[in-house]
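What follows is a set of notes on a single structure, which appears directly below.
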Amino acid sequence: MRTVIAGGHGQIALRLERLLAARGDEVAGIIRKAEQADDLRAAGAEPVVLDLESASVDEVAERLRGADAAVFAAGAGPGSGAARKDTVDKAAAVLFADAAVKAGVRRFVIVSSMGADPRHQGDEIFDVYLRAKGEADAYVSGLKALDWTILRPGQLTDGAGTGLVRLEAHTGRGPIPRDDVAAVLAELVDTPATAGLTLELISGPAPVSVAVKSVAGN
């Protein structure tokens with residue numbers, strides 16, 4: 001299958017690209033800077049240079065045509081201000097979802113954040129971030145043309161993945177290695193029976209494949 005990933009140079013996205021390529025899938029990553037292309041090629045992914053903050057729906061849809069799945073894993077990053085939380089974490093996610101609809105790509109997975117809520121209160125940068133992620137999730141979940149799944153990881157860590165997770169509608173807070181987030185995404189992309197679910201993810205007792213199968217169809 002062919003998967004197109006927005007935010008293709010992100011830490012989770014690069015891990016996901018390696019996993020998908022290793023299992024024989026075709027994968028493309030959308031990146032903002034041409035100098036990031038070699039890192040994607042090393043991960044086994046096709047680099048697609050396109051700025052989601054300035055691109056049109058038609059431009060993004062053109063890159064999505066022929067894909068079996070789309071994954072939104074882009075983010076403004078920890079050093080960014082409030083304005084980019086809106087232009088990347090919210091607006092780019094909305095753009096990518098609209099483009100998937102236009103391109104006829106039904107399977108859509110969005111990497112959100114635990115605590116994301118369009119009604120989240122507060123004016124700190126992290127408050128703006130959680131509100132932007134929540135607004136993006138709400139928009140995506142309202143699109144009937146998409147078989148969407150929203151994944152909300154807990155506190156991200158760079159430790160080696162264990163392959164053991166807790167994946168439920170509500171897990172409570174906890175850490176999760178980026179390796180394991182990528183492994184869950186790889187399973188979700190290939191499990192359309194998880195469509196319509198918003199799932200929280202932390203480290204836990206279940207192997208990734210078992211955890212995904214246990215929520216599929218719920």
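Note on naming: chains are A, B, ... as they come in the structure tokens, residues start from 1 per chain, ligands start from 1 in the order shown.
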
Once you count only C-alpha atoms, what closest atom pair and distance in Å to one decimal does each residue of range 100-216 of chain A within 9 Å of range 69-80 of chain A have, with rows by chain and rising residue number, as CSV?
```
residue,atom,partner,partner_atom,distance
A:Ala100,CA,A:Ala70,CA,7.1
A:Val105,CA,A:Ala69,CA,6.1
A:Arg106,CA,A:Ala69,CA,6.9
A:Arg107,CA,A:Ala69,CA,4.7
A:Phe108,CA,A:Ala70,CA,4.9
A:Val109,CA,A:Val71,CA,4.7
A:Ile110,CA,A:Phe72,CA,4.7
A:Val111,CA,A:Ala73,CA,5.3
A:Ser112,CA,A:Ala73,CA,8.1
A:Ile125,CA,A:Ser80,CA,8.6
A:Leu185,CA,A:Val71,CA,8.5
A:Val189,CA,A:Ala69,CA,6.6
A:Asp190,CA,A:Ala69,CA,8.5
```

Open item on the list: Using DSSP secondary structure from the backbone, list all alpha helix (DSSP H) positions within chain A, as a ChimeraX atom specification.
Closed with: /A:11-22,37-43,57-64,82-84,93-103,125-141,178-189,208-215

Open item on the list: If DSSP is run on the backbone, what residues of range 2-144 of chain A are strand (DSSP E)? A reply as an MDAnalysis selection string would be ideal.
Closed with: chainID A and resid 2:6 26:31 46:49 69:72 107:111

Restricted to N, CA, C and O atoms, what would the selected residues look like written as an mmCIF file, in the first residue's frame?
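Here's the written file selection_34.cif:
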```cif
data_model
loop_
_atom_site.group_PDB
_atom_site.id
_atom_site.type_symbol
_atom_site.label_atom_id
_atom_site.label_comp_id
_atom_site.auth_asym_id
_atom_site.auth_seq_id
_atom_site.Cartn_x
_atom_site.Cartn_y
_atom_site.Cartn_z
ATOM 1 N N ARG A 2 0.294 2.359 -0.411
ATOM 2 C CA ARG A 2 1.035 3.621 -0.458
ATOM 3 C C ARG A 2 0.472 4.565 0.610
ATOM 4 O O ARG A 2 -0.740 4.811 0.669
ATOM 5 N N THR A 3 1.362 5.084 1.433
ATOM 6 C CA THR A 3 0.993 6.017 2.497
ATOM 7 C C THR A 3 1.753 7.317 2.312
ATOM 8 O O THR A 3 2.957 7.307 2.049
ATOM 9 N N VAL A 4 1.047 8.428 2.448
ATOM 10 C CA VAL A 4 1.671 9.750 2.384
ATOM 11 C C VAL A 4 1.595 10.369 3.773
ATOM 12 O O VAL A 4 0.520 10.415 4.391
ATOM 13 N N ILE A 5 2.739 10.845 4.266
ATOM 14 C CA ILE A 5 2.846 11.364 5.628
ATOM 15 C C ILE A 5 3.158 12.851 5.593
ATOM 16 O O ILE A 5 4.155 13.273 5.001
ATOM 17 N N ALA A 6 2.311 13.652 6.224
ATOM 18 C CA ALA A 6 2.591 15.083 6.388
ATOM 19 C C ALA A 6 3.498 15.262 7.595
ATOM 20 O O ALA A 6 3.295 14.634 8.630
ATOM 21 N N GLU A 26 4.950 1.325 0.041
ATOM 22 C CA GLU A 26 5.448 2.528 -0.618
ATOM 23 C C GLU A 26 5.070 3.702 0.286
ATOM 24 O O GLU A 26 3.921 3.819 0.715
ATOM 25 N N VAL A 27 6.029 4.559 0.592
ATOM 26 C CA VAL A 27 5.759 5.657 1.518
ATOM 27 C C VAL A 27 6.391 6.942 1.013
ATOM 28 O O VAL A 27 7.506 6.942 0.491
ATOM 29 N N ALA A 28 5.644 8.034 1.133
ATOM 30 C CA ALA A 28 6.142 9.357 0.769
ATOM 31 C C ALA A 28 5.972 10.279 1.963
ATOM 32 O O ALA A 28 4.992 10.165 2.717
ATOM 33 N N GLY A 29 6.912 11.170 2.153
ATOM 34 C CA GLY A 29 6.840 12.126 3.254
ATOM 35 C C GLY A 29 6.865 13.550 2.731
ATOM 36 O O GLY A 29 7.738 13.907 1.923
ATOM 37 N N ILE A 30 5.898 14.347 3.172
ATOM 38 C CA ILE A 30 5.865 15.760 2.777
ATOM 39 C C ILE A 30 6.768 16.553 3.717
ATOM 40 O O ILE A 30 6.622 16.477 4.944
ATOM 41 N N ILE A 31 7.710 17.294 3.144
ATOM 42 C CA ILE A 31 8.669 18.073 3.922
ATOM 43 C C ILE A 31 8.685 19.510 3.415
ATOM 44 O O ILE A 31 8.306 19.790 2.280
ATOM 45 N N GLU A 46 9.960 8.382 -0.104
ATOM 46 C CA GLU A 46 10.076 9.344 -1.197
ATOM 47 C C GLU A 46 9.824 10.745 -0.639
ATOM 48 O O GLU A 46 8.764 11.002 -0.059
ATOM 49 N N PRO A 47 10.785 11.667 -0.763
ATOM 50 C CA PRO A 47 10.564 13.020 -0.254
ATOM 51 C C PRO A 47 9.700 13.853 -1.207
ATOM 52 O O PRO A 47 9.890 13.810 -2.418
ATOM 53 N N VAL A 48 8.755 14.574 -0.641
ATOM 54 C CA VAL A 48 7.889 15.466 -1.410
ATOM 55 C C VAL A 48 8.006 16.855 -0.774
ATOM 56 O O VAL A 48 7.574 17.059 0.360
ATOM 57 N N VAL A 49 8.622 17.789 -1.466
ATOM 58 C CA VAL A 49 8.849 19.125 -0.909
ATOM 59 C C VAL A 49 7.612 19.987 -1.152
ATOM 60 O O VAL A 49 7.257 20.285 -2.296
ATOM 61 N N ALA A 69 -3.516 5.610 2.049
ATOM 62 C CA ALA A 69 -3.677 6.174 3.386
ATOM 63 C C ALA A 69 -2.890 7.468 3.499
ATOM 64 O O ALA A 69 -1.889 7.670 2.800
ATOM 65 N N ALA A 70 -3.357 8.342 4.391
ATOM 66 C CA ALA A 70 -2.668 9.595 4.687
ATOM 67 C C ALA A 70 -2.497 9.694 6.202
ATOM 68 O O ALA A 70 -3.415 9.368 6.957
ATOM 69 N N VAL A 71 -1.323 10.136 6.624
ATOM 70 C CA VAL A 71 -1.043 10.305 8.058
ATOM 71 C C VAL A 71 -0.593 11.745 8.294
ATOM 72 O O VAL A 71 0.372 12.205 7.666
ATOM 73 N N PHE A 72 -1.282 12.444 9.194
ATOM 74 C CA PHE A 72 -0.846 13.793 9.545
ATOM 75 C C PHE A 72 0.003 13.705 10.811
ATOM 76 O O PHE A 72 -0.505 13.439 11.902
ATOM 77 N N ARG A 107 -8.598 6.505 4.037
ATOM 78 C CA ARG A 107 -7.944 6.169 5.315
ATOM 79 C C ARG A 107 -7.087 7.336 5.766
ATOM 80 O O ARG A 107 -6.155 7.753 5.061
ATOM 81 N N PHE A 108 -7.368 7.862 6.942
ATOM 82 C CA PHE A 108 -6.708 9.078 7.423
ATOM 83 C C PHE A 108 -6.427 8.919 8.913
ATOM 84 O O PHE A 108 -7.337 8.690 9.709
ATOM 85 N N VAL A 109 -5.149 9.025 9.281
ATOM 86 C CA VAL A 109 -4.744 8.925 10.691
ATOM 87 C C VAL A 109 -4.070 10.232 11.080
ATOM 88 O O VAL A 109 -3.192 10.721 10.363
ATOM 89 N N ILE A 110 -4.498 10.799 12.189
ATOM 90 C CA ILE A 110 -3.913 12.061 12.647
ATOM 91 C C ILE A 110 -3.249 11.859 14.006
ATOM 92 O O ILE A 110 -3.833 11.246 14.909
ATOM 93 N N VAL A 111 -2.006 12.318 14.117
ATOM 94 C CA VAL A 111 -1.289 12.263 15.397
ATOM 95 C C VAL A 111 -1.644 13.520 16.168
ATOM 96 O O VAL A 111 -1.268 14.628 15.794
#
```

TODO: Select, from A:Gly66, A:Gly163, A:Pro192, A:Pro177, the residue with the minimum atom-to-atom distance to Ser209 in chain A, counting only C-alpha atoms.
DONE: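 Closest candidate: A:Gly163.
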
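The smallest atom-to-atom distance between Ala61 in chain A and any of A:Gly44, A:Gly174, A:Gly104, A:Gly7, using only C-alpha atoms, is found for A:Gly104.
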
Open item on the list: What's the separation between CA of Ala160 in chain A and CA of Gly115 in chain A, in Å to one decimal place?
Closed with: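 We find that CA of Ala160 in chain A and CA of Gly115 in chain A lie 24.2 Å from each other.
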
Open item on the list: Between A:Ala43, A:Arg65, A:Gly161, A:Leu20, which residue has the minimum interatomic distance to Leu188 in chain A, considering only C-alpha atoms?
Closed with: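 Among the listed residues, A:Leu20 lies closest to Leu188 in chain A.
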
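The neighbours of Leu95 in chain A here are the residues that come within 9 Å of it, using only C-alpha atoms and leaving out any residue fewer than 2 positions away in the same chain; they are A:Leu52, A:Glu53, A:Ala55, A:Ser56, A:Val57, A:Val60, A:Lys90, A:Ala91, A:Ala92, A:Ala93, A:Ala97, A:Asp98, A:Ala99, A:Ala100.
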
With all heavy atoms kept, could you save the residues just selected as a compact mmCIF listing (two decimals), in the first residue's frame?
```txt
# COMPACT_ATOMS: atom_id res chain seq x y z
N LEU A 52 3.08 23.12 3.79
CA LEU A 52 1.66 23.03 4.11
C LEU A 52 1.09 24.33 4.68
O LEU A 52 -0.12 24.48 4.80
CB LEU A 52 1.40 21.88 5.08
CG LEU A 52 1.67 20.47 4.53
CD1 LEU A 52 1.46 19.43 5.61
CD2 LEU A 52 0.80 20.19 3.32
N GLU A 53 1.96 25.28 5.02
CA GLU A 53 1.47 26.56 5.51
C GLU A 53 1.11 27.51 4.37
O GLU A 53 0.45 28.52 4.60
CB GLU A 53 2.50 27.21 6.44
CG GLU A 53 2.61 26.51 7.78
CD GLU A 53 3.63 27.17 8.69
OE1 GLU A 53 4.81 26.77 8.65
OE2 GLU A 53 3.24 28.08 9.45
N ALA A 55 0.62 26.03 0.86
CA ALA A 55 0.09 25.26 -0.27
C ALA A 55 -1.44 25.35 -0.33
O ALA A 55 -2.11 25.57 0.67
CB ALA A 55 0.52 23.81 -0.16
N SER A 56 -1.98 25.13 -1.52
CA SER A 56 -3.43 25.09 -1.71
C SER A 56 -3.93 23.65 -1.53
O SER A 56 -3.15 22.70 -1.58
CB SER A 56 -3.80 25.57 -3.11
OG SER A 56 -3.36 24.64 -4.08
N VAL A 57 -5.23 23.51 -1.35
CA VAL A 57 -5.83 22.18 -1.25
C VAL A 57 -5.53 21.37 -2.50
O VAL A 57 -5.19 20.18 -2.43
CB VAL A 57 -7.35 22.27 -1.01
CG1 VAL A 57 -8.00 20.91 -1.15
CG2 VAL A 57 -7.65 22.86 0.35
N VAL A 60 -1.92 20.01 -2.52
CA VAL A 60 -1.73 18.88 -1.60
C VAL A 60 -2.46 17.65 -2.13
O VAL A 60 -1.93 16.53 -2.09
CB VAL A 60 -2.22 19.24 -0.18
CG1 VAL A 60 -1.97 18.07 0.77
CG2 VAL A 60 -1.50 20.49 0.33
N LYS A 90 -3.19 23.23 13.59
CA LYS A 90 -4.60 23.27 13.22
C LYS A 90 -4.79 23.40 11.71
O LYS A 90 -5.31 22.50 11.06
CB LYS A 90 -5.30 24.43 13.93
CG LYS A 90 -6.76 24.57 13.53
CD LYS A 90 -7.38 25.82 14.14
CE LYS A 90 -8.78 26.07 13.61
NZ LYS A 90 -9.35 27.33 14.16
N ALA A 91 -4.38 24.52 11.12
CA ALA A 91 -4.70 24.81 9.73
C ALA A 91 -4.11 23.80 8.75
O ALA A 91 -4.76 23.38 7.79
CB ALA A 91 -4.25 26.22 9.37
N ALA A 92 -2.87 23.38 8.98
CA ALA A 92 -2.25 22.40 8.07
C ALA A 92 -2.96 21.06 8.17
O ALA A 92 -3.09 20.34 7.17
CB ALA A 92 -0.76 22.26 8.36
N ALA A 93 -3.42 20.69 9.37
CA ALA A 93 -4.16 19.44 9.53
C ALA A 93 -5.48 19.50 8.78
O ALA A 93 -5.89 18.53 8.11
CB ALA A 93 -4.40 19.16 11.01
N ALA A 97 -6.50 17.18 5.55
CA ALA A 97 -7.73 16.40 5.55
C ALA A 97 -8.60 16.75 4.33
O ALA A 97 -9.13 15.85 3.66
CB ALA A 97 -8.50 16.63 6.84
N ASP A 98 -8.75 18.03 4.06
CA ASP A 98 -9.53 18.46 2.90
C ASP A 98 -8.92 17.91 1.60
O ASP A 98 -9.63 17.49 0.68
CB ASP A 98 -9.61 19.98 2.82
CG ASP A 98 -10.57 20.58 3.85
OD1 ASP A 98 -11.41 19.84 4.40
OD2 ASP A 98 -10.46 21.80 4.09
N ALA A 99 -7.59 17.92 1.54
CA ALA A 99 -6.90 17.42 0.35
C ALA A 99 -7.10 15.91 0.20
O ALA A 99 -7.24 15.41 -0.92
CB ALA A 99 -5.41 17.76 0.43
N ALA A 100 -7.11 15.19 1.32
CA ALA A 100 -7.35 13.74 1.27
C ALA A 100 -8.74 13.47 0.71
O ALA A 100 -8.93 12.57 -0.12
CB ALA A 100 -7.19 13.13 2.65
```
